[in-house]
file work33.txt (compact mmCIF, C-alpha atoms)
# COMPACT_ATOMS: atom_id res chain seq x y z
CA MET A 1 -45.71 2.63 12.57
CA CYS A 2 -42.08 3.20 11.65
CA VAL A 3 -41.05 4.16 8.11
CA ALA A 4 -37.37 3.51 7.40
CA GLY A 5 -36.23 5.76 4.60
CA GLY A 6 -39.24 7.99 5.11
CA THR A 7 -37.68 10.95 3.33
CA GLY A 8 -37.24 9.24 -0.08
CA GLN A 9 -39.72 9.51 -2.95
CA VAL A 10 -41.79 6.50 -1.84
CA GLY A 11 -41.10 6.73 1.90
CA ARG A 12 -42.40 10.27 2.21
CA GLU A 13 -45.57 9.25 0.38
CA VAL A 14 -46.05 6.42 2.89
CA VAL A 15 -45.63 8.94 5.70
CA ARG A 16 -48.16 11.31 4.14
CA LEU A 17 -50.78 8.58 3.62
CA ALA A 18 -50.26 7.16 7.10
CA LEU A 19 -50.69 10.58 8.71
CA ASP A 20 -53.81 11.18 6.61
CA ALA A 21 -55.15 7.89 8.02
CA GLY A 22 -54.61 9.16 11.56
CA LEU A 23 -51.71 6.86 12.37
CA ASP A 24 -48.82 7.58 14.72
CA VAL A 25 -45.80 7.74 12.42
CA ILE A 26 -42.11 7.46 13.26
CA VAL A 27 -39.59 8.18 10.51
CA LEU A 28 -36.14 6.63 10.65
CA SER A 29 -33.47 8.51 8.68
CA ARG A 30 -29.72 9.01 8.74
CA ARG A 31 -30.35 12.71 8.11
CA PRO A 32 -33.72 13.78 9.55
CA PRO A 33 -35.07 16.80 7.64
CA SER A 34 -35.58 20.23 9.17
CA GLY A 35 -39.09 21.44 9.78
CA THR A 36 -38.91 23.65 6.69
CA SER A 37 -37.73 20.87 4.36
CA PRO A 38 -40.13 19.82 1.57
CA VAL A 39 -39.69 16.18 2.64
CA HIS A 40 -40.74 16.91 6.24
CA HIS A 41 -44.32 16.09 7.27
CA ASP A 42 -45.83 17.85 10.26
CA GLY A 43 -47.16 15.29 12.71
CA ALA A 44 -44.49 12.65 12.07
CA ARG A 45 -41.71 12.05 14.58
CA TYR A 46 -38.23 11.92 13.06
CA PHE A 47 -35.36 9.90 14.55
CA ARG A 48 -31.73 9.86 13.50
CA ALA A 49 -30.73 6.22 12.96
CA ASP A 50 -28.30 4.30 10.77
CA VAL A 51 -28.86 0.72 9.61
CA THR A 52 -25.19 0.34 8.65
CA THR A 53 -24.15 0.62 12.33
CA SER A 54 -27.46 0.01 14.21
CA ALA A 55 -27.03 3.41 15.88
CA GLY A 56 -30.40 4.81 16.95
CA LEU A 57 -32.46 1.88 15.69
CA ALA A 58 -33.68 0.65 19.08
CA GLU A 59 -34.86 4.13 20.06
CA ALA A 60 -36.56 4.78 16.72
CA LEU A 61 -38.44 1.46 16.74
CA GLN A 62 -39.60 1.63 20.36
CA GLY A 63 -43.36 1.22 20.47
CA ALA A 64 -43.78 0.52 16.75
CA ASP A 65 -46.06 -2.33 15.69
CA VAL A 66 -44.91 -2.48 12.08
CA VAL A 67 -41.97 -1.18 10.05
CA ILE A 68 -42.05 -0.28 6.36
CA ASP A 69 -38.59 -0.41 4.77
CA CYS A 70 -38.21 2.07 1.90
CA LEU A 71 -34.45 2.42 2.26
CA GLU A 72 -32.30 2.65 -0.85
CA GLY A 73 -28.67 1.81 -1.48
CA GLN A 74 -27.91 2.41 -5.12
CA PHE A 75 -24.21 3.16 -5.03
CA GLY A 76 -20.91 2.30 -3.35
CA LYS A 77 -20.84 1.47 0.34
CA ALA A 78 -24.63 1.88 0.71
CA ARG A 79 -25.24 -0.77 -1.93
CA LYS A 80 -22.57 -3.09 -0.56
CA ASN A 81 -24.13 -2.95 2.92
CA PHE A 82 -27.75 -2.94 1.74
CA ALA A 83 -28.69 -6.49 2.75
CA ASP A 84 -26.73 -6.32 6.02
CA GLY A 85 -28.54 -3.10 6.84
CA GLY A 86 -31.82 -4.91 6.37
CA ALA A 87 -30.69 -7.61 8.78
CA ARG A 88 -29.81 -4.99 11.41
CA LEU A 89 -33.15 -3.25 10.96
CA LEU A 90 -35.04 -6.54 11.35
CA ALA A 91 -33.02 -7.56 14.42
CA ALA A 92 -33.71 -4.21 16.07
CA ALA A 93 -37.38 -4.46 15.12
CA ALA A 94 -37.65 -7.93 16.68
CA GLY A 95 -35.98 -6.64 19.83
CA ALA A 96 -38.46 -3.76 20.02
CA GLY A 97 -41.47 -6.06 19.72
CA VAL A 98 -42.43 -5.15 16.14
CA ARG A 99 -44.75 -7.81 14.67
CA LYS A 100 -44.42 -7.19 10.91
CA ALA A 101 -41.97 -5.74 8.38
CA VAL A 102 -42.86 -4.65 4.84
CA LEU A 103 -40.08 -4.23 2.27
CA LEU A 104 -40.13 -2.24 -0.95
CA SER A 105 -38.27 -4.09 -3.70
CA ILE A 106 -38.06 -4.30 -7.51
CA ILE A 107 -39.84 -6.62 -9.92
CA ASN A 108 -37.77 -9.70 -10.82
CA CYS A 109 -34.68 -8.34 -9.09
CA ASP A 110 -33.58 -11.94 -8.54
CA ARG A 111 -33.42 -12.50 -12.31
CA SER A 112 -30.87 -9.78 -13.07
CA ASN A 113 -27.14 -9.57 -12.47
CA ALA A 114 -27.18 -5.76 -12.38
CA ALA A 115 -25.46 -4.81 -9.11
CA PHE A 116 -28.32 -2.75 -7.67
CA TYR A 117 -30.84 -5.49 -8.45
CA VAL A 118 -28.58 -8.15 -6.92
CA SER A 119 -28.46 -6.10 -3.71
CA LYS A 120 -32.27 -5.94 -3.71
CA ALA A 121 -32.54 -9.73 -4.13
CA ASP A 122 -30.01 -10.26 -1.33
CA LYS A 123 -32.10 -8.12 0.98
CA GLU A 124 -35.25 -10.04 0.05
CA ARG A 125 -33.52 -13.24 1.17
CA VAL A 126 -32.68 -11.62 4.50
CA TYR A 127 -36.36 -10.80 4.99
CA ALA A 128 -37.35 -14.38 4.16
CA LEU A 129 -35.24 -15.56 7.11
CA SER A 130 -36.61 -13.07 9.63
CA ALA A 131 -38.41 -14.08 12.82
CA LEU A 132 -40.99 -11.39 12.00
CA GLU A 133 -43.88 -11.72 9.60
CA THR A 134 -42.65 -10.09 6.39
CA VAL A 135 -44.14 -8.91 3.12
CA VAL A 136 -41.98 -8.01 0.14
CA VAL A 137 -43.71 -5.69 -2.34
CA ARG A 138 -41.94 -5.73 -5.68
CA ALA A 139 -42.80 -2.76 -7.88
CA THR A 140 -42.20 -1.98 -11.52
CA GLN A 141 -40.03 1.03 -12.34
CA PHE A 142 -41.21 4.49 -11.26
CA HIS A 143 -42.42 7.17 -13.67
CA SER A 144 -39.47 9.25 -12.47
CA LEU A 145 -36.94 6.77 -13.87
CA VAL A 146 -37.79 7.33 -17.52
CA THR A 147 -38.35 11.04 -16.86
CA ALA A 148 -34.79 11.34 -15.55
CA VAL A 149 -33.44 9.76 -18.75
CA PHE A 150 -35.47 12.13 -20.90
CA GLN A 151 -34.46 15.19 -18.88
CA ALA A 152 -30.75 14.32 -19.09
CA GLY A 153 -30.84 14.03 -22.88
CA ALA A 154 -33.03 17.07 -23.40
CA LYS A 155 -30.20 19.27 -22.12
CA VAL A 156 -28.54 18.67 -25.50
CA ARG A 157 -31.87 18.63 -27.39
CA LEU A 158 -31.96 14.84 -27.66
CA ILE A 159 -34.45 12.54 -25.93
CA PRO A 160 -32.92 9.05 -25.70
CA VAL A 161 -35.04 5.90 -25.73
CA PHE A 162 -33.66 2.40 -25.26
CA LYS A 163 -34.08 0.16 -28.27
CA GLY A 164 -36.81 -2.45 -27.77
CA ALA A 165 -37.62 -1.31 -24.22
CA ARG A 166 -41.14 -1.28 -22.82
CA PHE A 167 -42.11 -0.03 -19.40
CA GLN A 168 -45.03 -0.40 -17.00
CA THR A 169 -44.16 2.61 -14.90
CA ILE A 170 -45.89 3.32 -11.60
CA SER A 171 -46.16 6.37 -9.35
CA PRO A 172 -44.57 6.50 -5.89
CA SER A 173 -47.96 7.32 -4.37
CA ASP A 174 -49.50 4.14 -5.80
CA VAL A 175 -46.61 2.10 -4.44
CA ALA A 176 -46.89 3.81 -1.06
CA SER A 177 -50.59 2.98 -0.91
CA GLU A 178 -49.87 -0.73 -1.41
CA LEU A 179 -47.08 -0.73 1.17
CA LEU A 180 -49.37 0.87 3.73
CA ALA A 181 -52.17 -1.58 2.97
CA GLU A 182 -49.83 -4.51 3.57
CA ALA A 183 -48.56 -2.96 6.78
CA LEU A 184 -52.08 -2.56 8.13
CA GLY A 185 -53.31 -5.96 6.98
CA GLU A 186 -54.33 -8.73 9.35
CA PRO A 187 -51.66 -11.25 10.41
CA SER A 188 -51.11 -13.92 7.79
CA ALA A 189 -50.70 -17.67 8.25
CA GLU A 190 -47.91 -17.38 5.66
CA ARG A 191 -44.97 -15.86 7.50
CA HIS A 192 -43.11 -14.55 4.47
CA ARG A 193 -44.95 -13.34 1.38
CA THR A 194 -43.92 -11.65 -1.87
CA ARG A 195 -46.23 -9.83 -4.25
CA THR A 196 -45.62 -7.80 -7.39
CA ILE A 197 -47.38 -4.60 -8.42
CA GLY A 198 -47.24 -2.68 -11.68
CA GLY A 199 -48.40 0.53 -13.25
CA PRO A 200 -51.66 0.89 -15.19
CA ASP A 201 -50.16 0.92 -18.71
CA ILE A 202 -47.49 -0.89 -20.69
CA ARG A 203 -45.86 1.38 -23.26
CA THR A 204 -42.73 1.49 -25.36
CA MET A 205 -40.11 3.92 -24.17
CA ARG A 206 -40.60 5.83 -27.43
CA GLU A 207 -44.29 6.30 -26.59
CA LEU A 208 -43.39 7.56 -23.13
CA ALA A 209 -40.85 9.96 -24.64
CA GLY A 210 -43.51 11.37 -26.95
CA ILE A 211 -45.89 11.88 -24.02
CA TRP A 212 -43.14 13.56 -22.00
CA ARG A 213 -42.08 15.81 -24.90
CA LYS A 214 -45.67 16.95 -25.49
CA ALA A 215 -46.34 17.56 -21.80
CA THR A 216 -43.13 19.49 -21.22
CA GLY A 217 -42.85 21.38 -24.50
CA HIS A 218 -39.28 20.22 -25.08
CA ALA A 219 -38.21 20.39 -28.70
CA GLY A 220 -35.60 17.64 -28.46
CA ARG A 221 -35.43 14.90 -31.09
CA ILE A 222 -36.29 11.37 -29.93
CA VAL A 223 -33.30 9.12 -30.60
CA GLU A 224 -33.25 5.34 -30.20
CA VAL A 225 -30.08 4.00 -28.55
CA PRO A 226 -28.99 0.49 -27.52
CA LEU A 227 -28.68 -0.30 -23.82
CA PRO A 228 -25.90 -2.85 -23.31
CA GLY A 229 -25.13 -4.92 -20.25
CA GLU A 230 -27.35 -6.49 -17.64
CA MET A 231 -29.97 -3.75 -17.61
CA GLY A 232 -30.35 -3.96 -21.36
CA LYS A 233 -30.85 -7.71 -21.12
CA TYR A 234 -33.37 -7.28 -18.29
CA LEU A 235 -35.46 -4.82 -20.31
CA ARG A 236 -35.27 -6.72 -23.60
CA ASN A 237 -36.54 -9.84 -21.84
CA GLY A 238 -39.50 -7.93 -20.44
CA LEU A 239 -38.57 -8.71 -16.84
CA ASN A 240 -39.76 -5.23 -15.83
CA LEU A 241 -43.36 -6.02 -16.83
CA VAL A 242 -46.24 -7.68 -15.00
CA PRO A 243 -49.28 -7.43 -17.30
CA SER A 244 -51.53 -9.33 -14.89
CA GLN A 245 -50.95 -6.85 -12.03
CA ARG A 246 -51.94 -3.36 -13.16
CA THR A 247 -52.19 -2.16 -9.58
CA GLY A 248 -51.52 1.54 -10.00
CA THR A 249 -54.06 4.10 -11.17
CA ASP A 250 -51.81 7.14 -11.64
CA THR A 251 -50.82 7.09 -15.32
CA PHE A 252 -47.63 8.60 -16.70
CA GLU A 253 -49.69 11.50 -18.10
CA SER A 254 -51.53 12.21 -14.84
CA TRP A 255 -48.31 11.96 -12.85
CA LEU A 256 -46.57 14.42 -15.19
CA ALA A 257 -49.46 16.85 -14.90
CA LYS A 258 -48.93 17.01 -11.13
CA ARG A 259 -45.18 17.57 -11.25
CA GLU A 260 -43.94 21.03 -12.13
CA ASP A 261 -40.31 19.92 -11.93
CA SER A 262 -40.88 17.54 -14.86
CA LEU A 263 -41.64 20.48 -17.13

call {"tool": "encode", "arguments": {"input": "work33.txt", "output": "structure tokens"}}
result
Amino acid sequence: MCVAGGTGQVGREVVRLALDAGLDVIVLSRRPPSGTSPVHHDGARYFRADVTTSAGLAEALQGADVVIDCLEGQFGKARKNFADGGARLLAAAAGAGVRKAVLLSIINCDRSNAAFYVSKADKERVYALSALETVVVRATQFHSLVTAVFQAGAKVRLIPVFKGARFQTISPSDVASELLAEALGEPSAERHRTRTIGGPDIRTMRELAGIWRKATGHAGRIVEVPLPGEMGKYLRNGLNLVPSQRTGTDTFESWLAKREDSL
């Protein structure tokens, strides 16, 4: 198994779970971590490869049966080349004899004009045209997203919450578990599938802020602020929610309890 982007917050969880399951794991990264890095997993084999140029892809994918794509491209050149990078990864995978590719994506990314979400939707379309069997796993937002907003505001003793926003946040480990399950699943008669997964609870951002403030001991005041633009529209329309798919089991509270750096 090859994990592209296996040093990111979801990718490294995929690597950990795959190793725990006794699988042979190859990690594809532009900057492979040192053996002492916290994102390095003993037992995995790390290859330097770059989907923007195809350098190293053939070597990294040699012998792999399935590839899980956890790559990110949030800003600048990485975002601009995100879909093309997916095409290069898939082409190299096909050339190496890989039978299946699993892509991590975002819930309803094709219904937002926010640049990062557009790049995700573009990459999904690349996967739908692949010669390989593909599975796109769309996830709701991670617990770490709202935590980052709260942490940024708490520096000035304010905890911002977006007006009218609700979230169904999910942990990276729950997402990784679903990605791995899809990768190990039996071949499907449907060549290209998409499924959506969500966290166990739907809460207002104000509720999440209160939970975070209590867990961390921060004394900041919770302040409601408007979120303009495409992301504000996306959240107000509830496009980040999937009430029928409460796939995750790791709640916001339990995730916080396990993360010292959230305190």

call {"tool": "axis_aligned_box", "arguments": {"input": "work33.txt", "around": "stretch 250-253 of chain A", "padding_each_side": "4 Å", "output": "lines of an AutoDock Vina configuration file"}}
result
center_x = -49.7
center_y = 9.3
center_z = -14.9
size_x = 12.2
size_y = 12.4
size_z = 14.5

call {"tool": "atom_distance", "arguments": {"input": "work33.txt", "atom1": "atom CA of A:Gly210", "atom2": "atom CA of A:Asp250"}}
result
17.9 Å

call {"tool": "residues_around", "arguments": {"input": "work33.txt", "residues": "stretch 123-138 of chain A", "least_positions_apart": "3", "cutoff": "6 Å", "atoms": "all atoms listed in the file", "output": "CSV table (one decimal) with C-alpha atoms, keeping the file's coordinate frame"}}
result
chain,number,residue,atom,x,y,z
A,83,ALA,CA,-28.7,-6.5,2.8
A,99,ARG,CA,-44.8,-7.8,14.7
A,100,LYS,CA,-44.4,-7.2,10.9
A,101,ALA,CA,-42.0,-5.7,8.4
A,102,VAL,CA,-42.9,-4.6,4.8
A,103,LEU,CA,-40.1,-4.2,2.3
A,104,LEU,CA,-40.1,-2.2,-1.0
A,105,SER,CA,-38.3,-4.1,-3.7
A,106,ILE,CA,-38.1,-4.3,-7.5
A,107,ILE,CA,-39.8,-6.6,-9.9
A,120,LYS,CA,-32.3,-5.9,-3.7
A,191,ARG,CA,-45.0,-15.9,7.5
A,192,HIS,CA,-43.1,-14.6,4.5
A,193,ARG,CA,-45.0,-13.3,1.4
A,194,THR,CA,-43.9,-11.6,-1.9
A,195,ARG,CA,-46.2,-9.8,-4.2
A,196,THR,CA,-45.6,-7.8,-7.4

call {"tool": "closest_residue", "arguments": {"input": "work33.txt", "among": "A:Ala4, A:Leu235, A:Ala121, A:Val98", "to": "A:Phe162", "atoms": "all atoms listed in the file"}}
result
A:Leu235

call {"tool": "atom_distance", "arguments": {"input": "work33.txt", "atom1": "atom CA of A:Glu230", "atom2": "atom CA of A:Ile159"}}
result
21.9 Å

call {"tool": "atom_distance", "arguments": {"input": "work33.txt", "atom1": "atom CA of A:Ser119", "atom2": "atom CA of A:Gly73"}}
result
8.2 Å

call {"tool": "closest_residue", "arguments": {"input": "work33.txt", "among": "A:Gly43, A:Pro243, A:Gly11, A:Gly22", "to": "A:Arg166", "atoms": "only C-alpha atoms"}}
result
A:Pro243

call {"tool": "closest_residue", "arguments": {"input": "work33.txt", "among": "A:Ile222, A:Ala257, A:Leu71, A:Cys109", "to": "A:Leu89", "atoms": "all atoms listed in the file"}}
result
A:Leu71

call {"tool": "closest_residue", "arguments": {"input": "work33.txt", "among": "A:Arg206, A:Arg236, A:Arg221, A:His41", "to": "A:Val156", "atoms": "all atoms listed in the file"}}
result
A:Arg221

call {"tool": "closest_residue", "arguments": {"input": "work33.txt", "among": "A:Ala165, A:Ile170, A:Ala49, A:Ala176", "to": "A:Thr251", "atoms": "only C-alpha atoms"}}
result
A:Ile170

call {"tool": "closest_residue", "arguments": {"input": "work33.txt", "among": "A:Gly56, A:Pro32, A:Pro38, A:Gly220", "to": "A:Arg88", "atoms": "all atoms listed in the file"}}
result
A:Gly56

call {"tool": "decode", "arguments": {"input": "work33.txt", "residues": "stretch 2-25 of chain A", "atoms": "N, CA and C atoms", "output": "PDB file, in the first residue's frame"}}
result
ATOM      1  N   CYS A   2       0.497   2.214  -0.830  1.00  0.00           N
ATOM      2  CA  CYS A   2       1.204   3.492  -0.867  1.00  0.00           C
ATOM      3  C   CYS A   2       0.280   4.581  -0.342  1.00  0.00           C
ATOM      4  N   VAL A   3       0.800   5.405   0.563  1.00  0.00           N
ATOM      5  CA  VAL A   3       0.049   6.535   1.101  1.00  0.00           C
ATOM      6  C   VAL A   3       0.719   7.818   0.617  1.00  0.00           C
ATOM      7  N   ALA A   4       0.044   8.525  -0.281  1.00  0.00           N
ATOM      8  CA  ALA A   4       0.560   9.803  -0.776  1.00  0.00           C
ATOM      9  C   ALA A   4       0.137  10.889   0.199  1.00  0.00           C
ATOM     10  N   GLY A   5       1.100  11.672   0.659  1.00  0.00           N
ATOM     11  CA  GLY A   5       0.789  12.643   1.702  1.00  0.00           C
ATOM     12  C   GLY A   5       0.707  11.975   3.068  1.00  0.00           C
ATOM     13  N   GLY A   6       1.548  10.970   3.268  1.00  0.00           N
ATOM     14  CA  GLY A   6       1.490  10.185   4.497  1.00  0.00           C
ATOM     15  C   GLY A   6       2.127  10.822   5.704  1.00  0.00           C
ATOM     16  N   THR A   7       2.474  12.118   5.609  1.00  0.00           N
ATOM     17  CA  THR A   7       3.003  12.819   6.777  1.00  0.00           C
ATOM     18  C   THR A   7       2.029  13.883   7.288  1.00  0.00           C
ATOM     19  N   GLY A   8       0.891  14.075   6.599  1.00  0.00           N
ATOM     20  CA  GLY A   8      -0.121  15.032   7.042  1.00  0.00           C
ATOM     21  C   GLY A   8      -0.967  14.457   8.168  1.00  0.00           C
ATOM     22  N   GLN A   9      -1.936  15.251   8.663  1.00  0.00           N
ATOM     23  CA  GLN A   9      -2.668  14.831   9.852  1.00  0.00           C
ATOM     24  C   GLN A   9      -3.526  13.593   9.615  1.00  0.00           C
ATOM     25  N   VAL A  10      -4.075  13.415   8.420  1.00  0.00           N
ATOM     26  CA  VAL A  10      -4.823  12.192   8.122  1.00  0.00           C
ATOM     27  C   VAL A  10      -3.888  11.116   7.589  1.00  0.00           C
ATOM     28  N   GLY A  11      -2.982  11.492   6.698  1.00  0.00           N
ATOM     29  CA  GLY A  11      -2.080  10.516   6.091  1.00  0.00           C
ATOM     30  C   GLY A  11      -1.274   9.735   7.109  1.00  0.00           C
ATOM     31  N   ARG A  12      -0.754  10.414   8.122  1.00  0.00           N
ATOM     32  CA  ARG A  12       0.046   9.683   9.110  1.00  0.00           C
ATOM     33  C   ARG A  12      -0.806   8.754   9.968  1.00  0.00           C
ATOM     34  N   GLU A  13      -2.103   9.084  10.106  1.00  0.00           N
ATOM     35  CA  GLU A  13      -3.005   8.165  10.804  1.00  0.00           C
ATOM     36  C   GLU A  13      -3.283   6.930   9.948  1.00  0.00           C
ATOM     37  N   VAL A  14      -3.406   7.118   8.644  1.00  0.00           N
ATOM     38  CA  VAL A  14      -3.557   5.976   7.737  1.00  0.00           C
ATOM     39  C   VAL A  14      -2.344   5.066   7.856  1.00  0.00           C
ATOM     40  N   VAL A  15      -1.159   5.661   7.843  1.00  0.00           N
ATOM     41  CA  VAL A  15       0.070   4.885   7.949  1.00  0.00           C
ATOM     42  C   VAL A  15       0.095   4.097   9.256  1.00  0.00           C
ATOM     43  N   ARG A  16      -0.249   4.747  10.344  1.00  0.00           N
ATOM     44  CA  ARG A  16      -0.241   4.077  11.654  1.00  0.00           C
ATOM     45  C   ARG A  16      -1.202   2.890  11.669  1.00  0.00           C
ATOM     46  N   LEU A  17      -2.422   3.093  11.188  1.00  0.00           N
ATOM     47  CA  LEU A  17      -3.423   2.026  11.198  1.00  0.00           C
ATOM     48  C   LEU A  17      -3.025   0.881  10.273  1.00  0.00           C
ATOM     49  N   ALA A  18      -2.455   1.229   9.129  1.00  0.00           N
ATOM     50  CA  ALA A  18      -2.037   0.186   8.179  1.00  0.00           C
ATOM     51  C   ALA A  18      -0.906  -0.658   8.759  1.00  0.00           C
ATOM     52  N   LEU A  19       0.051  -0.015   9.417  1.00  0.00           N
ATOM     53  CA  LEU A  19       1.138  -0.759  10.050  1.00  0.00           C
ATOM     54  C   LEU A  19       0.606  -1.649  11.172  1.00  0.00           C
ATOM     55  N   ASP A  20      -0.331  -1.114  11.950  1.00  0.00           N
ATOM     56  CA  ASP A  20      -0.942  -1.901  13.025  1.00  0.00           C
ATOM     57  C   ASP A  20      -1.643  -3.140  12.476  1.00  0.00           C
ATOM     58  N   ALA A  21      -2.142  -3.028  11.225  1.00  0.00           N
ATOM     59  CA  ALA A  21      -2.825  -4.152  10.593  1.00  0.00           C
ATOM     60  C   ALA A  21      -1.854  -5.125   9.917  1.00  0.00           C
ATOM     61  N   GLY A  22      -0.561  -4.837  10.037  1.00  0.00           N
ATOM     62  CA  GLY A  22       0.449  -5.730   9.477  1.00  0.00           C
ATOM     63  C   GLY A  22       0.706  -5.550   8.000  1.00  0.00           C
ATOM     64  N   LEU A  23       0.314  -4.403   7.451  1.00  0.00           N
ATOM     65  CA  LEU A  23       0.488  -4.167   6.018  1.00  0.00           C
ATOM     66  C   LEU A  23       1.866  -3.592   5.710  1.00  0.00           C
ATOM     67  N   ASP A  24       2.311  -3.822   4.489  1.00  0.00           N
ATOM     68  CA  ASP A  24       3.543  -3.224   3.982  1.00  0.00           C
ATOM     69  C   ASP A  24       3.185  -1.830   3.478  1.00  0.00           C
ATOM     70  N   VAL A  25       3.786  -0.804   4.074  1.00  0.00           N
ATOM     71  CA  VAL A  25       3.366   0.572   3.804  1.00  0.00           C
ATOM     72  C   VAL A  25       4.507   1.397   3.209  1.00  0.00           C
TER      73      VAL A  25
END
